[in-house]
>>> print(open('entry.txt').read())   # compact mmCIF, C-alpha atoms
# COMPACT_ATOMS: atom_id res chain seq x y z
CA MET A 310 27.30 -54.78 -5.24
CA VAL A 311 28.69 -52.60 -2.47
CA VAL A 312 27.45 -53.88 0.89
CA THR A 313 26.72 -51.06 3.31
CA GLN A 314 25.62 -51.08 6.93
CA GLU A 315 22.16 -50.02 5.74
CA SER A 316 21.81 -52.90 3.27
CA VAL A 317 22.91 -55.40 5.89
CA ALA A 318 20.27 -54.08 8.25
CA VAL A 319 17.45 -54.16 5.74
CA ASN A 320 18.41 -57.12 3.56
CA GLY A 321 19.69 -59.48 6.19
CA SER A 322 17.72 -62.02 8.16
CA ARG A 323 16.37 -59.51 10.70
CA LYS A 324 13.33 -57.56 9.55
CA SER A 325 13.38 -53.82 9.98
CA SER A 326 10.93 -52.17 12.33
CA PRO A 327 8.72 -49.22 11.24
CA GLN A 328 11.01 -46.91 13.22
CA GLU A 329 14.12 -48.19 11.47
CA ILE A 330 12.50 -47.80 8.05
CA ALA A 331 11.38 -44.27 8.93
CA ASP A 332 14.88 -43.42 10.18
CA THR A 333 16.46 -44.73 6.97
CA LEU A 334 14.10 -42.72 4.75
CA ARG A 335 14.51 -39.68 6.98
CA GLU A 336 18.29 -39.89 6.55
CA ARG A 337 17.90 -40.12 2.76
CA ILE A 338 15.79 -36.96 2.84
CA ARG A 339 18.30 -35.14 5.01
CA ALA A 340 21.19 -36.28 2.79
CA GLY A 341 19.43 -34.98 -0.32
CA GLU A 342 18.98 -38.42 -1.92
CA LEU A 343 15.25 -37.72 -1.77
CA LYS A 344 14.51 -34.10 -2.59
CA PRO A 345 11.43 -31.94 -1.91
CA GLY A 346 8.77 -32.80 -4.48
CA ASP A 347 10.21 -36.26 -5.29
CA ARG A 348 7.85 -39.22 -5.12
CA LEU A 349 8.68 -42.05 -2.77
CA PRO A 350 8.73 -45.59 -4.16
CA THR A 351 5.40 -47.41 -3.85
CA GLN A 352 4.57 -49.26 -0.66
CA ALA A 353 5.11 -52.54 -2.53
CA GLU A 354 8.58 -51.42 -3.64
CA LEU A 355 9.50 -50.28 -0.14
CA ALA A 356 8.19 -53.53 1.34
CA GLU A 357 10.36 -55.50 -1.10
CA GLU A 358 13.42 -53.35 -0.39
CA PHE A 359 13.12 -53.65 3.38
CA HIS A 360 11.79 -57.26 3.36
CA VAL A 361 8.74 -56.40 5.44
CA GLU A 362 4.97 -56.42 5.10
CA ARG A 363 3.19 -53.40 3.63
CA GLY A 364 1.62 -52.67 7.02
CA THR A 365 5.09 -52.06 8.45
CA VAL A 366 5.84 -49.65 5.60
CA ARG A 367 2.57 -47.80 6.22
CA GLN A 368 3.51 -47.30 9.87
CA ALA A 369 6.86 -45.86 8.82
CA LEU A 370 5.19 -43.51 6.34
CA ARG A 371 2.73 -42.31 8.97
CA ALA A 372 5.67 -41.43 11.25
CA LEU A 373 7.26 -39.39 8.46
CA GLN A 374 3.94 -37.73 7.71
CA ASP A 375 3.55 -36.78 11.39
CA ASP A 376 7.00 -35.19 11.20
CA GLY A 377 5.87 -33.08 8.23
CA LEU A 378 8.32 -34.77 5.85
CA LEU A 379 5.72 -36.22 3.45
CA SER A 380 2.84 -34.68 1.52
CA ASN A 381 0.06 -36.04 -0.71
CA VAL A 382 -0.20 -39.13 1.44
CA SER A 383 -3.09 -41.22 0.08
CA LYS A 384 -3.93 -44.77 -0.83
CA GLY A 385 -3.98 -43.96 -4.53
CA SER A 386 -0.40 -42.89 -5.15
CA PRO A 387 3.00 -42.77 -3.44
CA PRO A 388 3.52 -39.69 -1.25
CA ARG A 389 5.93 -36.94 -2.15
CA ILE A 390 8.71 -35.48 -0.09
CA ALA A 391 7.20 -32.35 1.42
CA VAL A 392 8.33 -29.01 0.13
CA PRO A 393 9.36 -27.05 3.24
CA ALA A 394 6.86 -24.36 4.09
CA PRO A 395 8.22 -20.85 3.71
CA ALA A 396 9.99 -20.09 6.95
CA ARG A 397 8.33 -17.53 9.11
CA THR A 398 10.32 -14.43 9.72
CA GLU A 399 12.53 -14.34 12.75
CA PRO A 400 10.62 -13.94 16.03
CA GLN A 401 9.17 -10.46 16.06
CA PRO A 402 8.17 -8.12 18.87
CA THR A 403 4.82 -9.30 20.19
CA MET A 404 2.96 -6.24 18.98
CA VAL A 405 4.18 -6.78 15.41
CA GLY A 406 3.78 -10.56 15.23
CA LEU A 407 0.49 -10.95 17.07
CA ALA A 408 -1.57 -8.62 14.85
CA SER A 409 -0.83 -10.59 11.68
CA ARG A 410 -1.45 -13.94 13.35
CA LEU A 411 -4.78 -12.71 14.74
CA ALA A 412 -5.83 -11.44 11.32
CA GLU A 413 -5.20 -14.90 9.88
CA ALA A 414 -7.03 -16.59 12.76
CA PHE A 415 -10.05 -14.33 12.22
CA SER A 416 -10.45 -15.70 8.70
CA ALA A 417 -12.08 -18.76 10.29
CA ARG A 418 -15.86 -18.89 10.60
CA GLN A 419 -15.67 -19.68 14.32
CA VAL A 420 -12.84 -17.77 15.99
CA ARG A 421 -11.47 -18.78 19.37
CA VAL A 422 -8.72 -16.86 21.12
CA ASP A 423 -7.38 -17.80 24.56
CA ALA A 424 -4.82 -15.58 26.26
CA ALA A 425 -2.90 -15.64 29.53
CA CYS A 426 -1.05 -12.41 30.20
CA LEU A 427 -0.19 -9.70 32.71
CA THR A 428 -2.49 -7.11 31.12
CA ALA A 429 -4.59 -7.07 27.94
CA GLU A 430 -2.54 -4.26 26.40
CA THR A 431 -0.87 -6.20 23.57
CA LEU A 432 -4.00 -8.19 22.74
CA MET A 433 -6.15 -5.05 22.79
CA LEU A 434 -3.84 -3.28 20.33
CA ALA A 435 -3.27 -6.31 18.09
CA LEU A 436 -7.01 -6.97 17.74
CA GLY A 437 -7.30 -3.62 15.98
CA GLU A 438 -6.08 -5.27 12.75
CA PRO A 439 -8.72 -8.05 12.45
CA VAL A 440 -11.45 -5.66 13.66
CA ARG A 441 -10.44 -3.23 10.90
CA LEU A 442 -10.58 -6.01 8.31
CA ILE A 443 -14.04 -7.01 9.53
CA HIS A 444 -15.28 -3.43 9.13
CA GLU A 445 -13.80 -3.40 5.61
CA GLY A 446 -15.70 -6.59 4.77
CA ARG A 447 -12.52 -8.59 4.17
CA LEU A 448 -13.11 -10.91 7.14
CA ARG A 449 -16.52 -12.37 8.00
CA PRO A 450 -16.41 -14.61 11.08
CA GLU A 451 -19.73 -15.90 12.39
CA SER A 452 -18.63 -16.12 16.01
CA ILE A 453 -15.78 -14.85 18.18
CA ASP A 454 -15.03 -16.41 21.57
CA VAL A 455 -12.25 -14.77 23.57
CA ARG A 456 -11.12 -16.01 27.00
CA ILE A 457 -8.51 -14.06 28.92
CA LEU A 458 -6.63 -14.95 32.10
CA LEU A 459 -5.24 -11.97 34.03
CA PRO A 460 -3.70 -11.79 37.51
CA SER A 461 -6.08 -11.21 40.39
CA ARG A 462 -6.12 -7.76 41.95
CA ASP A 463 -5.79 -9.40 45.39
CA ILE A 464 -2.37 -10.99 44.97
CA THR A 465 1.08 -9.51 45.47
CA LEU A 466 2.52 -9.43 41.98
CA ALA A 467 6.07 -10.58 41.29
CA PHE A 468 6.15 -7.73 38.74
CA PRO A 469 5.55 -4.89 38.23
CA ILE A 470 6.66 -4.08 41.76
CA SER A 471 8.37 -1.22 43.55
CA VAL A 472 12.12 -1.66 43.89
CA ASP A 473 11.70 -1.15 47.64
CA GLY A 474 8.98 -3.78 47.75
CA PRO A 475 5.21 -3.48 48.04
CA GLY A 476 3.59 -1.37 50.72
CA GLU A 477 0.11 -0.27 51.64
CA ASP A 478 -1.66 1.25 48.63
CA ASP A 479 1.42 0.48 46.57
CA PRO A 480 1.31 3.01 43.68
CA VAL A 481 2.95 0.54 41.29
CA HIS A 482 0.26 -2.03 41.99
CA GLN A 483 -2.48 0.58 41.63
CA ARG A 484 -0.99 1.70 38.31
CA TRP A 485 -0.96 -1.90 37.04
CA LEU A 486 -4.54 -2.50 38.21
CA ALA A 487 -5.82 0.64 36.47
CA GLN A 488 -4.11 -0.42 33.23
CA ARG A 489 -5.40 -4.00 33.51
CA ASN A 490 -8.98 -2.84 33.92
CA ALA A 491 -8.93 -0.05 31.32
CA GLN A 492 -7.29 -2.16 28.61
CA GLY A 493 -9.61 -5.08 29.26
CA GLN A 494 -12.66 -2.84 29.06
CA VAL A 495 -11.54 -1.32 25.74
CA LEU A 496 -10.88 -4.78 24.28
CA GLN A 497 -14.25 -6.01 25.45
CA HIS A 498 -16.07 -2.97 24.05
CA ASN A 499 -14.38 -3.16 20.63
CA LEU A 500 -15.25 -6.82 20.17
CA ARG A 501 -18.78 -6.66 21.54
CA ALA A 502 -19.54 -3.75 19.21
CA LEU A 503 -19.24 -6.23 16.33
CA ARG A 504 -22.50 -7.80 17.51
CA PHE A 505 -24.41 -4.69 16.54
CA SER A 506 -22.39 -3.59 13.52
CA HIS A 507 -21.98 -6.99 11.84
CA GLY A 508 -24.27 -9.44 13.65
CA ILE A 509 -21.34 -11.53 14.90
CA ASP A 510 -21.89 -13.73 17.95
CA VAL A 511 -19.24 -12.37 20.33
CA ARG A 512 -18.27 -13.61 23.79
CA VAL A 513 -15.48 -12.08 25.87
CA THR A 514 -14.77 -13.62 29.27
CA PHE A 515 -12.14 -12.88 31.91
CA ARG A 516 -10.93 -14.95 34.85
CA ALA A 517 -8.40 -14.11 37.57
CA LEU A 518 -5.11 -15.94 38.05
CA PRO A 519 -3.78 -16.47 41.58
CA PHE A 520 -0.19 -15.89 40.38
CA THR A 521 1.90 -13.66 38.14
CA PRO A 522 2.32 -15.27 34.70
CA PRO A 523 6.03 -15.43 33.73
CA VAL A 524 5.14 -15.55 30.03
CA LYS A 525 2.33 -14.37 27.78
CA LEU A 526 0.53 -17.09 25.86
CA TYR A 527 -1.95 -16.80 23.00
CA LEU A 528 -3.87 -19.78 21.59
CA LEU A 529 -5.57 -19.25 18.23
CA ASN A 530 -8.39 -21.58 17.13
CA GLY A 531 -6.66 -24.52 18.80
CA GLU A 532 -4.22 -24.55 15.87
CA GLU A 533 -1.45 -22.20 16.94
CA ALA A 534 0.28 -21.26 20.17
CA LEU A 535 2.27 -18.05 20.48
CA ILE A 536 4.48 -17.47 23.49
CA ALA A 537 6.69 -14.60 24.66
CA TYR A 538 8.76 -14.19 27.79
CA TYR A 539 8.25 -11.25 30.10
CA MET A 540 11.68 -9.62 30.32
CA ILE A 541 12.03 -7.80 33.62
CA THR A 542 13.83 -4.48 33.76
CA ARG A 543 14.27 -1.70 36.27
CA ARG A 544 12.85 1.62 35.20
CA GLU A 545 11.46 4.86 36.52
CA GLU A 546 8.20 6.55 35.62
CA PRO A 547 6.93 9.99 36.66
CA SER A 548 3.85 10.01 38.87
CA ASP A 549 1.71 12.54 40.72
CA ASP A 550 3.66 11.80 43.89
CA GLY A 551 7.13 11.88 42.37
CA THR A 552 8.85 9.05 40.56
CA LEU A 553 7.97 5.37 40.55
CA ASP A 554 11.12 3.25 40.77
CA MET A 555 10.01 -0.23 39.76
CA TYR A 556 10.82 -3.60 38.30
CA ASP A 557 8.59 -3.81 35.25
CA VAL A 558 8.26 -5.56 31.89
CA LEU A 559 7.97 -4.21 28.37
CA GLY A 560 5.39 -6.68 27.14
CA THR A 561 4.79 -5.31 23.65
CA GLU A 562 8.50 -5.62 22.84
CA SER A 563 8.92 -9.25 23.97
CA LEU A 564 9.83 -11.61 21.14
CA LEU A 565 6.91 -13.81 20.07
CA PHE A 566 7.54 -17.46 19.15
CA SER A 567 4.98 -19.43 17.11
CA PHE A 568 4.12 -23.14 17.24
CA GLU A 569 1.65 -24.51 14.68
CA LYS A 570 -0.29 -27.75 14.99
CA GLY A 571 0.16 -28.70 11.34
CA VAL A 572 3.93 -28.26 11.18
CA GLY A 573 4.96 -31.50 12.89
CA ARG A 574 4.61 -33.59 16.03
CA ARG A 575 6.78 -31.29 18.15
CA ASP A 576 4.72 -28.18 17.38
CA ALA A 577 1.45 -30.12 17.57
CA ALA A 578 2.38 -31.40 21.05
CA PHE A 579 3.24 -27.88 22.22
CA VAL A 580 -0.09 -26.50 20.97
CA GLN A 581 -2.03 -29.38 22.54
CA GLU A 582 -0.29 -29.18 25.91
CA SER A 583 -0.57 -25.38 26.00
CA GLN A 584 -4.32 -25.66 25.41
CA LYS A 585 -4.62 -28.29 28.14
CA TRP A 586 -2.69 -26.03 30.53
CA PHE A 587 -4.93 -23.06 29.77
CA ASP A 588 -8.14 -25.08 30.07
CA ALA A 589 -7.02 -26.58 33.38
CA LEU A 590 -6.35 -23.13 34.83
CA TRP A 591 -9.66 -21.81 33.51
CA GLU A 592 -11.64 -24.64 35.06
CA THR A 593 -9.87 -25.04 38.43
CA ILE A 594 -7.88 -22.47 40.40
CA THR A 595 -8.93 -19.25 38.64
CA THR A 596 -11.83 -17.11 39.85
CA ASP A 597 -14.38 -14.72 38.38
CA LEU A 598 -12.89 -11.39 37.35
CA THR A 599 -14.82 -8.15 37.11
CA LEU A 600 -13.08 -5.23 35.45
CA SER A 601 -13.69 -2.24 37.68
>>> encode(input="entry.txt", output="structure tokens")
Amino acid sequence: MVVTQESVAVNGSRKSSPQEIADTLRERIRAGELKPGDRLPTQAELAEEFHVERGTVRQALRALQDDGLLSNVSKGSPPRIAVPAPARTEPQPTMVGLASRLAEAFSARQVRVDAACLTAETLMLALGEPVRLIHEGRLRPESIDVRILLPSRDITLAFPISVDGPGEDDPVHQRWLAQRNAQGQVLQHNLRALRFSHGIDVRVTFRALPFTPPVKLYLLNGEEALIAYYMITRREEPSDDGTLDMYDVLGTESLLFSFEKGVGRRDAAFVQESQKWFDALWETITTDLTLS
């Protein structure tokens, strides 16, 4: 018999901990000794191999399950090595990626969407896809609850902002405010219309942030978090009074990154903490927002 460092650790006098067992099995999976779809040995066989109680083995298997490395975990049969889920495409521009994710989220009976963003432009446009599918009868949610955090009209935004800095009746700020209100009103109208056309219980609520959000965040049914960075650029835009020279963001083109609760502990923690962050803002330092 060839004695390896692993066999000394697991067959010697010192019993392995659940973490050590999980690490050993994880390394076998990574090395290809255990391939996707393969069954693990039974808990009794693993307990004999590692010279531990079955309870210790179960703890190790739970850790691997939480990491998304095991599937078919049950008391009746040994689990299998998980077949990796098809990788999502590379991060896409927010406008492209968000519409498909919303359409999937709207397949639930109770839909909940939370968003923190600079304006509702991307969300307003992306919701067109699930709304279309509802009108076609392909999606049939019973309720839709949308909560949106947008910057307050009373703060000095970090962006968009005039290159020369804000002044009285800053035209860049007024432009942003008009867009914020108009886009929010369209979004609200399109969703609330589903009450009358399809009998769906719809709620759309806005609250005002006391700061400029550096990222846009979307939380879908408490199961997925999508985040994109606002990339600041200098640009000019024609206006009635000349040209607006401003620092602005192109929100619909920002790359959208997805984290899913069921993928593993890392993603699950990100979704959970993002939801906690949103809920804390909603319930504490934000204020009522009226689109006008």
>>> closest_residue(input="entry.txt", among="A:Gln581, A:Pro460, A:Asp473, A:Arg501", to="A:Pro522", atoms="all atoms listed in the file")
A:Pro460
>>> residues_around(input="entry.txt", residues="A:Lys324", least_positions_apart="6", cutoff="10 Å", atoms="all atoms listed in the file", output="list in words")
Ala318, Ile330, Phe359, His360, Val361, Glu362 and Thr365 of chain A
>>> atom_distance(input="entry.txt", atom1="atom CA of A:Ala340", atom2="atom CA of A:Ser567")
27.4 Å
>>> closest_residue(input="entry.txt", among="A:Leu565, A:Leu600, A:Leu343, A:Val580", to="A:Leu528", atoms="only C-alpha atoms")
A:Val580
>>> closest_residue(input="entry.txt", among="A:Ile541, A:Leu526, A:Leu486, A:Ile338", to="A:Ile464", atoms="only C-alpha atoms")
A:Leu486
